[in-house]
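Have a look at model.cif; it's mmCIF, C-alpha atoms:
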```cif
data_data
#
loop_
_atom_site.label_atom_id
_atom_site.label_comp_id
_atom_site.auth_asym_id
_atom_site.auth_seq_id
_atom_site.Cartn_x
_atom_site.Cartn_y
_atom_site.Cartn_z
CA MET A 1 1.46 -15.24 -12.00
CA ASP A 2 -0.58 -16.13 -15.15
CA LYS A 3 1.03 -17.70 -18.21
CA ASP A 4 1.31 -14.49 -20.26
CA ALA A 5 2.84 -12.59 -17.36
CA TYR A 6 5.24 -15.44 -16.66
CA ASN A 7 6.35 -15.63 -20.29
CA GLY A 8 6.89 -11.89 -20.25
CA ALA A 9 8.99 -12.11 -17.09
CA LEU A 10 10.98 -14.95 -18.63
CA LYS A 11 11.79 -12.97 -21.75
CA GLN A 12 12.75 -9.92 -19.72
CA ALA A 13 15.12 -12.07 -17.63
CA ILE A 14 17.00 -13.14 -20.76
CA PRO A 15 19.60 -10.62 -21.99
CA ARG A 16 18.37 -8.50 -24.89
CA ARG A 17 21.01 -9.67 -27.36
CA ILE A 18 19.86 -13.26 -26.81
CA ARG A 19 16.16 -12.37 -27.05
CA GLU A 20 16.72 -10.66 -30.35
CA ALA A 21 18.54 -13.69 -31.78
CA LYS A 22 15.28 -15.66 -31.46
CA ILE A 23 16.94 -19.04 -32.09
CA VAL A 24 19.91 -19.89 -29.87
CA THR A 25 21.96 -23.09 -29.80
CA ALA A 26 23.31 -23.99 -26.36
CA ALA A 27 26.68 -22.44 -25.61
CA ALA A 28 28.11 -25.76 -24.41
CA VAL A 29 27.91 -29.43 -25.36
CA PRO A 30 26.22 -31.59 -22.70
CA LYS A 31 28.68 -34.12 -21.32
CA TYR A 32 28.10 -37.84 -21.64
CA PRO A 33 27.57 -39.20 -18.06
CA GLU A 34 30.84 -41.09 -17.60
CA GLN A 35 30.43 -41.04 -13.81
CA THR A 36 27.01 -42.69 -14.02
CA GLN A 37 28.41 -45.31 -16.37
CA ARG A 38 31.22 -46.09 -13.91
CA GLU A 39 28.69 -46.45 -11.10
CA TYR A 40 26.55 -48.80 -13.18
CA LYS A 41 29.61 -50.87 -14.14
CA ARG A 42 30.60 -51.19 -10.49
CA VAL A 43 27.13 -52.58 -9.81
CA SER A 44 27.30 -55.01 -12.74
CA ASP A 45 30.82 -56.15 -11.74
CA ALA A 46 29.71 -56.75 -8.16
CA TYR A 47 26.63 -58.59 -9.39
CA MET A 48 28.68 -60.86 -11.64
CA LYS A 49 31.17 -61.50 -8.85
CA LEU A 50 28.40 -63.44 -7.11
CA VAL A 51 28.83 -66.11 -9.79
CA GLN A 52 32.57 -66.24 -9.27
CA GLU A 53 32.21 -66.51 -5.50
CA THR A 54 29.63 -69.27 -5.79
CA PHE A 55 31.63 -71.32 -8.27
CA LYS A 56 34.77 -70.95 -6.18
CA GLU A 57 32.88 -72.25 -3.14
CA TYR A 58 31.78 -75.43 -4.95
CA ALA A 59 34.77 -75.97 -7.27
CA PRO A 60 36.50 -78.49 -4.91
CA ARG A 61 33.43 -80.75 -5.08
CA ILE A 62 33.40 -80.65 -8.86
CA LYS A 63 37.10 -81.46 -9.03
CA ALA A 64 36.65 -84.31 -6.57
CA ALA A 65 33.77 -85.77 -8.61
CA ILE A 66 35.84 -85.72 -11.81
CA ARG A 67 38.87 -87.24 -10.12
CA ASN A 68 36.70 -89.94 -8.55
CA GLU A 69 35.28 -90.82 -11.97
CA GLN A 70 38.75 -90.97 -13.48
CA GLU A 71 39.84 -93.39 -10.77
CA SER A 72 36.71 -95.52 -11.31
CA SER A 73 36.68 -95.34 -15.10
CA LYS A 74 36.49 -99.13 -15.46
CA ARG A 75 33.03 -99.21 -13.86
CA ASN A 76 30.14 -99.10 -16.34
CA ASP A 77 28.13 -96.73 -14.18
CA SER A 78 30.97 -94.28 -13.48
CA LEU A 79 29.88 -91.70 -16.09
CA PHE A 80 26.32 -91.78 -14.78
CA ASP A 81 27.62 -91.22 -11.26
CA LEU A 82 29.64 -88.24 -12.46
CA GLN A 83 26.67 -86.73 -14.29
CA ARG A 84 24.50 -87.07 -11.21
CA ALA A 85 27.18 -85.64 -8.91
CA ILE A 86 27.78 -82.67 -11.22
CA ALA A 87 24.05 -82.03 -11.66
CA ASP A 88 23.43 -82.17 -7.91
CA THR A 89 26.36 -79.86 -7.20
CA PHE A 90 25.27 -77.27 -9.77
CA GLN A 91 21.73 -77.34 -8.43
CA GLU A 92 23.10 -76.51 -4.97
CA MET A 93 25.17 -73.78 -6.59
CA ARG A 94 22.07 -72.29 -8.22
CA ASP A 95 20.27 -72.25 -4.88
CA ARG A 96 23.27 -70.64 -3.18
CA LEU A 97 23.67 -68.10 -5.98
CA GLN A 98 19.99 -67.18 -5.71
CA GLU A 99 20.45 -66.48 -2.02
CA ARG A 100 23.31 -64.13 -2.86
CA ILE A 101 21.28 -62.47 -5.63
CA ASP A 102 18.35 -61.86 -3.27
CA ALA A 103 20.66 -60.34 -0.68
CA PHE A 104 22.34 -58.15 -3.30
CA ASP A 105 19.05 -56.36 -4.17
CA LEU A 106 19.80 -55.35 -7.76
CA LEU A 107 16.68 -53.19 -7.90
CA ALA A 108 17.88 -50.97 -5.05
CA HIS A 109 21.35 -50.62 -6.57
CA LEU A 110 19.99 -49.54 -9.95
CA ARG A 111 17.59 -47.07 -8.35
CA LYS A 112 20.55 -45.46 -6.61
CA VAL A 113 22.50 -45.26 -9.88
CA GLY A 114 19.47 -43.74 -11.59
CA GLU A 115 18.95 -41.14 -8.88
CA ASN A 116 22.60 -40.11 -9.00
CA GLY A 117 22.41 -39.91 -12.80
CA LYS A 118 19.36 -37.68 -12.54
CA LYS A 119 21.12 -35.33 -10.12
CA LEU A 120 24.19 -35.02 -12.35
CA SER A 121 22.06 -34.40 -15.43
CA THR A 122 19.94 -31.77 -13.67
CA LYS A 123 23.03 -29.96 -12.39
CA GLN A 124 24.52 -29.92 -15.89
CA TRP A 125 21.23 -28.71 -17.43
CA LYS A 126 21.00 -25.77 -15.01
CA ARG A 127 24.58 -24.74 -15.81
CA LEU A 128 23.92 -25.00 -19.55
CA VAL A 129 20.78 -22.82 -19.34
CA LYS A 130 22.59 -20.24 -17.21
CA ARG A 131 25.54 -20.08 -19.58
CA THR A 132 23.37 -19.87 -22.71
CA LEU A 133 20.36 -17.80 -21.64
CA GLY A 134 21.68 -16.05 -18.57
CA VAL A 135 18.90 -17.20 -16.23
CA ASP A 136 18.81 -19.40 -13.15
CA LEU A 137 16.35 -22.27 -12.90
CA LEU A 138 14.17 -23.04 -9.89
CA ASP A 139 16.25 -25.16 -7.51
CA ASP A 140 13.72 -27.87 -6.66
CA TYR A 141 11.78 -27.95 -9.94
CA TYR A 142 13.33 -31.24 -11.13
CA SER A 143 13.16 -32.98 -7.75
CA GLY A 144 10.40 -35.25 -6.52
CA ALA A 145 8.34 -37.02 -9.18
CA PHE A 146 9.48 -35.02 -12.22
CA PHE A 147 11.50 -37.90 -13.69
CA SER A 148 9.62 -40.73 -11.93
CA THR A 149 8.25 -42.34 -15.10
CA GLU A 150 11.60 -42.28 -16.89
CA LEU A 151 13.52 -43.56 -13.88
CA GLU A 152 11.12 -46.38 -13.03
CA GLN A 153 11.04 -47.58 -16.63
CA TRP A 154 14.83 -47.45 -16.80
CA VAL A 155 15.28 -49.38 -13.55
CA ASN A 156 12.81 -52.06 -14.64
CA ASP A 157 14.50 -52.40 -18.02
CA GLY A 158 17.91 -52.73 -16.38
CA VAL A 159 16.76 -55.41 -13.95
CA SER A 160 15.07 -57.32 -16.77
CA LEU A 161 18.22 -57.24 -18.90
CA ILE A 162 20.77 -58.18 -16.27
CA LYS A 163 18.99 -60.28 -13.65
CA THR A 164 19.26 -63.66 -15.44
CA ILE A 165 22.92 -63.39 -16.45
CA PRO A 166 24.39 -65.01 -13.28
CA GLN A 167 22.13 -68.08 -13.40
CA ASP A 168 22.59 -68.39 -17.18
CA SER A 169 26.33 -68.23 -16.57
CA LEU A 170 26.14 -71.19 -14.18
CA ASP A 171 24.12 -73.17 -16.74
CA ALA A 172 26.86 -72.56 -19.31
CA MET A 173 29.53 -73.60 -16.80
CA GLU A 174 27.74 -76.89 -16.09
CA ASN A 175 27.71 -77.66 -19.82
CA ILE A 176 31.41 -76.81 -20.03
CA VAL A 177 32.23 -79.25 -17.23
CA MET A 178 30.26 -82.16 -18.73
CA ASP A 179 31.24 -81.50 -22.36
CA GLY A 180 34.85 -81.03 -21.34
CA PHE A 181 34.96 -84.37 -19.58
CA VAL A 182 33.27 -86.19 -22.48
CA ASP A 183 35.78 -84.61 -24.88
CA GLY A 184 38.66 -85.80 -22.69
CA LYS A 185 39.82 -82.37 -21.57
CA SER A 186 42.03 -81.98 -18.52
CA LEU A 187 40.85 -80.22 -15.37
CA THR A 188 43.14 -77.33 -16.24
CA ASP A 189 41.53 -76.91 -19.66
CA ILE A 190 38.03 -77.13 -18.19
CA GLN A 191 38.89 -74.45 -15.63
CA ARG A 192 40.28 -72.26 -18.40
CA ASP A 193 37.06 -72.65 -20.40
CA ILE A 194 35.01 -71.74 -17.34
CA GLN A 195 37.04 -68.59 -16.77
CA ALA A 196 36.59 -67.68 -20.43
CA GLN A 197 32.82 -68.11 -20.12
CA TYR A 198 32.77 -65.95 -17.00
CA GLY A 199 34.69 -63.26 -18.88
CA ILE A 200 32.14 -63.32 -21.70
CA ASP A 201 29.23 -63.01 -19.29
CA LYS A 202 30.93 -60.22 -17.35
CA ARG A 203 31.55 -58.27 -20.57
CA HIS A 204 27.91 -58.76 -21.53
CA ALA A 205 26.85 -57.23 -18.22
CA ALA A 206 29.29 -54.34 -18.78
CA PHE A 207 27.80 -53.77 -22.26
CA ILE A 208 24.35 -53.51 -20.70
CA ALA A 209 25.73 -51.00 -18.18
CA ARG A 210 27.06 -48.78 -20.98
CA ASP A 211 23.92 -49.10 -23.07
CA GLN A 212 21.54 -48.43 -20.20
CA THR A 213 23.56 -45.42 -19.02
CA ALA A 214 23.18 -43.82 -22.44
CA LYS A 215 19.47 -44.56 -22.53
CA LEU A 216 18.92 -43.02 -19.09
CA ASN A 217 20.80 -39.90 -20.12
CA ALA A 218 18.78 -39.69 -23.34
CA ALA A 219 15.45 -40.07 -21.53
CA ILE A 220 16.27 -37.43 -18.90
CA THR A 221 17.70 -35.03 -21.49
CA GLU A 222 14.64 -35.27 -23.73
CA ARG A 223 12.30 -34.83 -20.76
CA GLN A 224 14.17 -31.71 -19.55
CA GLN A 225 14.44 -30.11 -22.95
CA LYS A 226 10.86 -30.75 -24.07
CA ASP A 227 9.52 -29.48 -20.74
CA ALA A 228 11.49 -26.28 -21.32
CA GLY A 229 9.91 -25.80 -24.74
CA VAL A 230 12.88 -27.17 -26.71
CA ARG A 231 11.76 -29.11 -29.76
CA ARG A 232 14.99 -29.28 -31.75
CA TYR A 233 18.58 -30.22 -31.00
CA LYS A 234 21.97 -30.38 -32.66
CA TRP A 235 23.42 -33.91 -32.81
CA SER A 236 26.84 -34.26 -31.20
CA THR A 237 29.00 -37.40 -31.22
CA SER A 238 31.73 -38.25 -28.72
CA GLY A 239 34.26 -37.57 -31.49
CA ASP A 240 36.42 -40.67 -31.10
CA GLU A 241 37.18 -43.78 -33.15
CA ARG A 242 34.28 -45.74 -31.65
CA VAL A 243 31.62 -43.51 -33.24
CA ARG A 244 29.64 -45.40 -35.89
CA SER A 245 29.84 -44.06 -39.45
CA ASP A 246 26.09 -43.42 -39.62
CA HIS A 247 26.29 -41.38 -36.42
CA LYS A 248 29.28 -39.39 -37.71
CA LYS A 249 27.13 -38.24 -40.61
CA LEU A 250 24.64 -36.76 -38.15
CA ASP A 251 27.19 -34.78 -36.15
CA GLY A 252 26.46 -31.05 -36.11
CA ARG A 253 23.11 -31.35 -37.86
CA VAL A 254 19.83 -30.13 -36.34
CA PHE A 255 16.85 -32.48 -35.88
CA SER A 256 13.46 -32.51 -34.21
CA TYR A 257 12.69 -34.74 -31.24
CA ASP A 258 9.44 -35.65 -32.95
CA ASP A 259 11.20 -36.66 -36.18
CA PRO A 260 14.41 -38.55 -35.27
CA PRO A 261 17.02 -39.12 -37.98
CA VAL A 262 18.02 -42.48 -39.46
CA VAL A 263 20.85 -43.87 -37.33
CA ASP A 264 21.33 -47.12 -39.26
CA SER A 265 21.36 -46.93 -43.06
CA ARG A 266 20.97 -50.71 -43.36
CA THR A 267 17.77 -51.03 -41.33
CA GLY A 268 16.39 -47.49 -41.50
CA ARG A 269 16.20 -47.36 -37.70
CA ARG A 270 15.46 -43.89 -36.34
CA CYS A 271 16.59 -42.62 -32.93
CA ASN A 272 17.39 -39.49 -30.99
CA PRO A 273 20.88 -39.24 -29.42
CA GLY A 274 21.60 -41.94 -26.86
CA GLN A 275 18.62 -44.11 -27.80
CA ASP A 276 20.50 -46.37 -30.23
CA TYR A 277 22.35 -49.33 -28.69
CA ASN A 278 25.57 -48.27 -26.95
CA CYS A 279 25.22 -44.73 -28.35
CA ARG A 280 27.24 -42.04 -26.53
CA CYS A 281 25.95 -39.17 -28.66
CA VAL A 282 24.20 -36.24 -26.98
CA ALA A 283 21.61 -33.62 -27.89
CA ILE A 284 22.68 -29.95 -27.82
CA PRO A 285 19.44 -28.00 -27.25
CA VAL A 286 18.33 -25.40 -29.77
CA PHE A 287 16.34 -22.77 -27.88
CA ASP A 288 13.49 -20.96 -29.60
CA ILE A 289 13.02 -17.87 -27.42
CA ASP A 290 9.33 -17.60 -28.29
CA GLU A 291 8.66 -21.19 -27.23
CA LEU A 292 10.59 -21.25 -23.94
CA ASN A 293 8.91 -22.59 -20.83
CA LEU A 294 11.71 -22.47 -18.27
CA PRO A 295 11.08 -22.69 -14.51
CA LEU A 296 12.75 -19.46 -13.39
CA GLY A 297 14.56 -19.23 -10.11
CA ARG A 298 13.21 -16.84 -7.48
CA GLY A 299 15.71 -14.13 -8.29
CA ASP A 300 14.78 -14.08 -11.99
CA GLU A 301 11.03 -13.90 -11.35
CA SER A 302 11.07 -10.54 -9.59
#
```
Please express the file's structure as structure tokens.
Amino acid sequence: MDKDAYNGALKQAIPRRIREAKIVTAAAVPKYPEQTQREYKRVSDAYMKLVQETFKEYAPRIKAAIRNEQESSKRNDSLFDLQRAIADTFQEMRDRLQERIDAFDLLAHLRKVGENGKKLSTKQWKRLVKRTLGVDLLDDYYSGAFFSTELEQWVNDGVSLIKTIPQDSLDAMENIVMDGFVDGKSLTDIQRDIQAQYGIDKRHAAFIARDQTAKLNAAITERQQKDAGVRRYKWSTSGDERVRSDHKKLDGRVFSYDDPPVVDSRTGRRCNPGQDYNCRCVAIPVFDIDELNLPLGRGDES
């Protein structure tokens, strides 16, 4: 079927009352992918647990080294011995942690999260088009390589952001041990500081999970909508107390993908929904009937 014939079939498949409206805003608000975010967080939590497991394995040696130094504190070389023992132990910990990281295969985990996110987004998009325009989309149109560029970029970005956190966390813990001893802290206080550092690093990984989930959703949404001939969208926030004031001002307003609004009045930064850091906003598509390029399902083509 040539392009003109296909466009004609597409318009005929859309109910007349919708065709005559010309410009139609989607009948539902796309949902933020909470399930994908939970999956990503499970991955980041499991990844960070490798640090906890490794430190727990070597903690008795660190405690023994500190106690030995305390018992030998009258020797001039006791502090040097402690520094060497701690440094050697943490180097072994880094090697052991790297073994665990390699076995974990972060790349494979994130690819799985991305694929599941793509499936959920595609399913939601098909429902939204059906509810708004009354047509079914081709089942396998978005499978295969359709989102390959977006997914591969997203996976690579995620790995780049999160891969060094465990080793950086161990580096911070080594400094806590040595600084704590020099400052005269007890073993209990040093352990408490280490747990606090682990909590900070784990929250950092969780932040990345939230941020990257939003960015994946934004990339897939924009790809779907632009491919379908959608050039404009209505901004929609999550509507809770965590929404930034600049984003609240955008809620309900219509923008063009090619001319994103200012999302930060201080810096003048411009973004489409979900592209700003930790942004849970979504784009409600605005369909221009004359510009549609939807992949019709078999039943709608006849």
A:Ala21 environment, 10 Å, only C-alpha atoms, sequence neighbours closer than 3 positions dropped, as a PDB file with C-alpha atoms, keeping the file's coordinate frame:
```pdb
ATOM      1  CA  ARG A  16      18.370  -8.500 -24.890  1.00  0.00           C
ATOM      2  CA  ARG A  17      21.010  -9.670 -27.360  1.00  0.00           C
ATOM      3  CA  ILE A  18      19.860 -13.260 -26.810  1.00  0.00           C
ATOM      4  CA  VAL A  24      19.910 -19.890 -29.870  1.00  0.00           C
ATOM      5  CA  ASP A 288      13.490 -20.960 -29.600  1.00  0.00           C
ATOM      6  CA  ILE A 289      13.020 -17.870 -27.420  1.00  0.00           C
TER       7      ILE A 289
END
```
Point to revise | Ground truth for the PyMOL selection byres ((chain A and resi 273-278) around 8), written as an MDAnalysis selection string | key: chainID A and resid 207 210:212 214:215 217:218 235:236 263 271:272 279:283
Residue selection dump (C-alpha atoms) as a JSON list (two decimals), keeping the file's coordinate frame:
```json
[["chain", "number", "residue", "atom", "x", "y", "z"],
["A", 207, "PHE", "CA", 27.80, -53.77, -22.26],
["A", 210, "ARG", "CA", 27.06, -48.78, -20.98],
["A", 211, "ASP", "CA", 23.92, -49.10, -23.07],
["A", 212, "GLN", "CA", 21.54, -48.43, -20.20],
["A", 214, "ALA", "CA", 23.18, -43.82, -22.44],
["A", 215, "LYS", "CA", 19.47, -44.56, -22.53],
["A", 217, "ASN", "CA", 20.80, -39.90, -20.12],
["A", 218, "ALA", "CA", 18.78, -39.69, -23.34],
["A", 235, "TRP", "CA", 23.42, -33.91, -32.81],
["A", 236, "SER", "CA", 26.84, -34.26, -31.20],
["A", 263, "VAL", "CA", 20.85, -43.87, -37.33],
["A", 271, "CYS", "CA", 16.59, -42.62, -32.93],
["A", 272, "ASN", "CA", 17.39, -39.49, -30.99],
["A", 279, "CYS", "CA", 25.22, -44.73, -28.35],
["A", 280, "ARG", "CA", 27.24, -42.04, -26.53],
["A", 281, "CYS", "CA", 25.95, -39.17, -28.66],
["A", 282, "VAL", "CA", 24.20, -36.24, -26.98],
["A", 283, "ALA", "CA", 21.61, -33.62, -27.89]]
```
Exercise for review: Excluding stretch 189-206 of chain A and any residue of its chain fewer than 3 positions from it, enumerate the residues within 10 Å of it, using all atoms listed in the file, and give them as an MDAnalysis selection string.
Suggested key: chainID A and resid 37:38 40:49 51:52 55 59 63 161:163 165:166 168:170 172:181 184:186 209:212
For the selection just defined, write its residues with C-alpha atoms to a file, as a PDB file, keeping the file's coordinate frame.
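Output file part.pdb is given in full below:
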```
ATOM      1  CA  GLN A  37      28.410 -45.310 -16.370  1.00  0.00           C
ATOM      2  CA  ARG A  38      31.220 -46.090 -13.910  1.00  0.00           C
ATOM      3  CA  TYR A  40      26.550 -48.800 -13.180  1.00  0.00           C
ATOM      4  CA  LYS A  41      29.610 -50.870 -14.140  1.00  0.00           C
ATOM      5  CA  ARG A  42      30.600 -51.190 -10.490  1.00  0.00           C
ATOM      6  CA  VAL A  43      27.130 -52.580  -9.810  1.00  0.00           C
ATOM      7  CA  SER A  44      27.300 -55.010 -12.740  1.00  0.00           C
ATOM      8  CA  ASP A  45      30.820 -56.150 -11.740  1.00  0.00           C
ATOM      9  CA  ALA A  46      29.710 -56.750  -8.160  1.00  0.00           C
ATOM     10  CA  TYR A  47      26.630 -58.590  -9.390  1.00  0.00           C
ATOM     11  CA  MET A  48      28.680 -60.860 -11.640  1.00  0.00           C
ATOM     12  CA  LYS A  49      31.170 -61.500  -8.850  1.00  0.00           C
ATOM     13  CA  VAL A  51      28.830 -66.110  -9.790  1.00  0.00           C
ATOM     14  CA  GLN A  52      32.570 -66.240  -9.270  1.00  0.00           C
ATOM     15  CA  PHE A  55      31.630 -71.320  -8.270  1.00  0.00           C
ATOM     16  CA  ALA A  59      34.770 -75.970  -7.270  1.00  0.00           C
ATOM     17  CA  LYS A  63      37.100 -81.460  -9.030  1.00  0.00           C
ATOM     18  CA  LEU A 161      18.220 -57.240 -18.900  1.00  0.00           C
ATOM     19  CA  ILE A 162      20.770 -58.180 -16.270  1.00  0.00           C
ATOM     20  CA  LYS A 163      18.990 -60.280 -13.650  1.00  0.00           C
ATOM     21  CA  ILE A 165      22.920 -63.390 -16.450  1.00  0.00           C
ATOM     22  CA  PRO A 166      24.390 -65.010 -13.280  1.00  0.00           C
ATOM     23  CA  ASP A 168      22.590 -68.390 -17.180  1.00  0.00           C
ATOM     24  CA  SER A 169      26.330 -68.230 -16.570  1.00  0.00           C
ATOM     25  CA  LEU A 170      26.140 -71.190 -14.180  1.00  0.00           C
ATOM     26  CA  ALA A 172      26.860 -72.560 -19.310  1.00  0.00           C
ATOM     27  CA  MET A 173      29.530 -73.600 -16.800  1.00  0.00           C
ATOM     28  CA  GLU A 174      27.740 -76.890 -16.090  1.00  0.00           C
ATOM     29  CA  ASN A 175      27.710 -77.660 -19.820  1.00  0.00           C
ATOM     30  CA  ILE A 176      31.410 -76.810 -20.030  1.00  0.00           C
ATOM     31  CA  VAL A 177      32.230 -79.250 -17.230  1.00  0.00           C
ATOM     32  CA  MET A 178      30.260 -82.160 -18.730  1.00  0.00           C
ATOM     33  CA  ASP A 179      31.240 -81.500 -22.360  1.00  0.00           C
ATOM     34  CA  GLY A 180      34.850 -81.030 -21.340  1.00  0.00           C
ATOM     35  CA  PHE A 181      34.960 -84.370 -19.580  1.00  0.00           C
ATOM     36  CA  GLY A 184      38.660 -85.800 -22.690  1.00  0.00           C
ATOM     37  CA  LYS A 185      39.820 -82.370 -21.570  1.00  0.00           C
ATOM     38  CA  SER A 186      42.030 -81.980 -18.520  1.00  0.00           C
ATOM     39  CA  ALA A 209      25.730 -51.000 -18.180  1.00  0.00           C
ATOM     40  CA  ARG A 210      27.060 -48.780 -20.980  1.00  0.00           C
ATOM     41  CA  ASP A 211      23.920 -49.100 -23.070  1.00  0.00           C
ATOM     42  CA  GLN A 212      21.540 -48.430 -20.200  1.00  0.00           C
TER      43      GLN A 212
END
```
Exercise for review: Could you list the residues chosen by the PyMOL selection byres ((chain A and resi 115) around 12) in this structure as a VMD selection string?
Suggested key: chain A and resid 36 39 to 40 108 to 114 116 to 122 142 to 148 150 to 152 154 to 155 213 216 to 217 220
Point to revise | For A:Tyr233, the nearest of the candidates A:Ile23, A:Asp140, A:Pro295, A:Asp246, counting only C-alpha atoms | key: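 Of A:Ile23, A:Asp140, A:Pro295, A:Asp246, the one nearest A:Tyr233, counting only C-alpha atoms, is A:Ile23.
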Spatial neighbours of A:Arg270, 7 Å, all atoms listed in the file, chain gap at least 3 places, as a PDB file with C-alpha atoms, in the frame of the given file:
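around-v4.pdb written:
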```pdb
ATOM      1  CA  PRO A 260      14.410 -38.550 -35.270  1.00  0.00           C
ATOM      2  CA  PRO A 261      17.020 -39.120 -37.980  1.00  0.00           C
ATOM      3  CA  VAL A 262      18.020 -42.480 -39.460  1.00  0.00           C
ATOM      4  CA  VAL A 263      20.850 -43.870 -37.330  1.00  0.00           C
TER       5      VAL A 263
END
```
Residues returned when the PyMOL selection byres ((chain A and resi 249) around 12) runs on this file, as a compact mmCIF listing (two decimals) with C-alpha atoms, in the coordinates of the input:
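Output file result.txt is given in full below:
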```txt
# COMPACT_ATOMS: atom_id res chain seq x y z
CA TRP A 235 23.42 -33.91 -32.81
CA SER A 236 26.84 -34.26 -31.20
CA THR A 237 29.00 -37.40 -31.22
CA GLY A 239 34.26 -37.57 -31.49
CA VAL A 243 31.62 -43.51 -33.24
CA ARG A 244 29.64 -45.40 -35.89
CA SER A 245 29.84 -44.06 -39.45
CA ASP A 246 26.09 -43.42 -39.62
CA HIS A 247 26.29 -41.38 -36.42
CA LYS A 248 29.28 -39.39 -37.71
CA LEU A 250 24.64 -36.76 -38.15
CA ASP A 251 27.19 -34.78 -36.15
CA GLY A 252 26.46 -31.05 -36.11
CA ARG A 253 23.11 -31.35 -37.86
CA VAL A 254 19.83 -30.13 -36.34
CA PRO A 261 17.02 -39.12 -37.98
CA VAL A 262 18.02 -42.48 -39.46
CA VAL A 263 20.85 -43.87 -37.33
CA ASP A 264 21.33 -47.12 -39.26
CA SER A 265 21.36 -46.93 -43.06
```
**Study point:** Who sits within 7 Å of A:Ile62, all atoms listed in the file, same chain under 4 positions skipped, as a list in words
**Key:**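 Selected residues are Tyr58, Ile66 and Ile86 of chain A.
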6 Å per side around stretch 155-171 of chain A: axis-aligned box centre and edge lengths, as JSON:
```
{"center_x": 19.6, "center_y": -61.3, "center_z": -16.1, "size_x": 25.5, "size_y": 35.8, "size_z": 17.6}
```
Point to revise | 9 Å contact set for A:Met93, all atoms listed in the file, chain neighbours under 2 positions out, as a list in words | key: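 My reading of the contact set: Thr54, Phe55, Glu57, Tyr58, Asp88, Thr89, Phe90, Gln91, Asp95, Arg96, Leu97, Gln98 and Leu170 of chain A.
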Let's have the selection written as a PDB file, in the coordinates of the input, with C-alpha atoms.
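In the end it all went to again26.pdb:
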```
ATOM      1  CA  THR A  54      29.630 -69.270  -5.790  1.00  0.00           C
ATOM      2  CA  PHE A  55      31.630 -71.320  -8.270  1.00  0.00           C
ATOM      3  CA  GLU A  57      32.880 -72.250  -3.140  1.00  0.00           C
ATOM      4  CA  TYR A  58      31.780 -75.430  -4.950  1.00  0.00           C
ATOM      5  CA  ASP A  88      23.430 -82.170  -7.910  1.00  0.00           C
ATOM      6  CA  THR A  89      26.360 -79.860  -7.200  1.00  0.00           C
ATOM      7  CA  PHE A  90      25.270 -77.270  -9.770  1.00  0.00           C
ATOM      8  CA  GLN A  91      21.730 -77.340  -8.430  1.00  0.00           C
ATOM      9  CA  ASP A  95      20.270 -72.250  -4.880  1.00  0.00           C
ATOM     10  CA  ARG A  96      23.270 -70.640  -3.180  1.00  0.00           C
ATOM     11  CA  LEU A  97      23.670 -68.100  -5.980  1.00  0.00           C
ATOM     12  CA  GLN A  98      19.990 -67.180  -5.710  1.00  0.00           C
ATOM     13  CA  LEU A 170      26.140 -71.190 -14.180  1.00  0.00           C
TER      14      LEU A 170
END
```
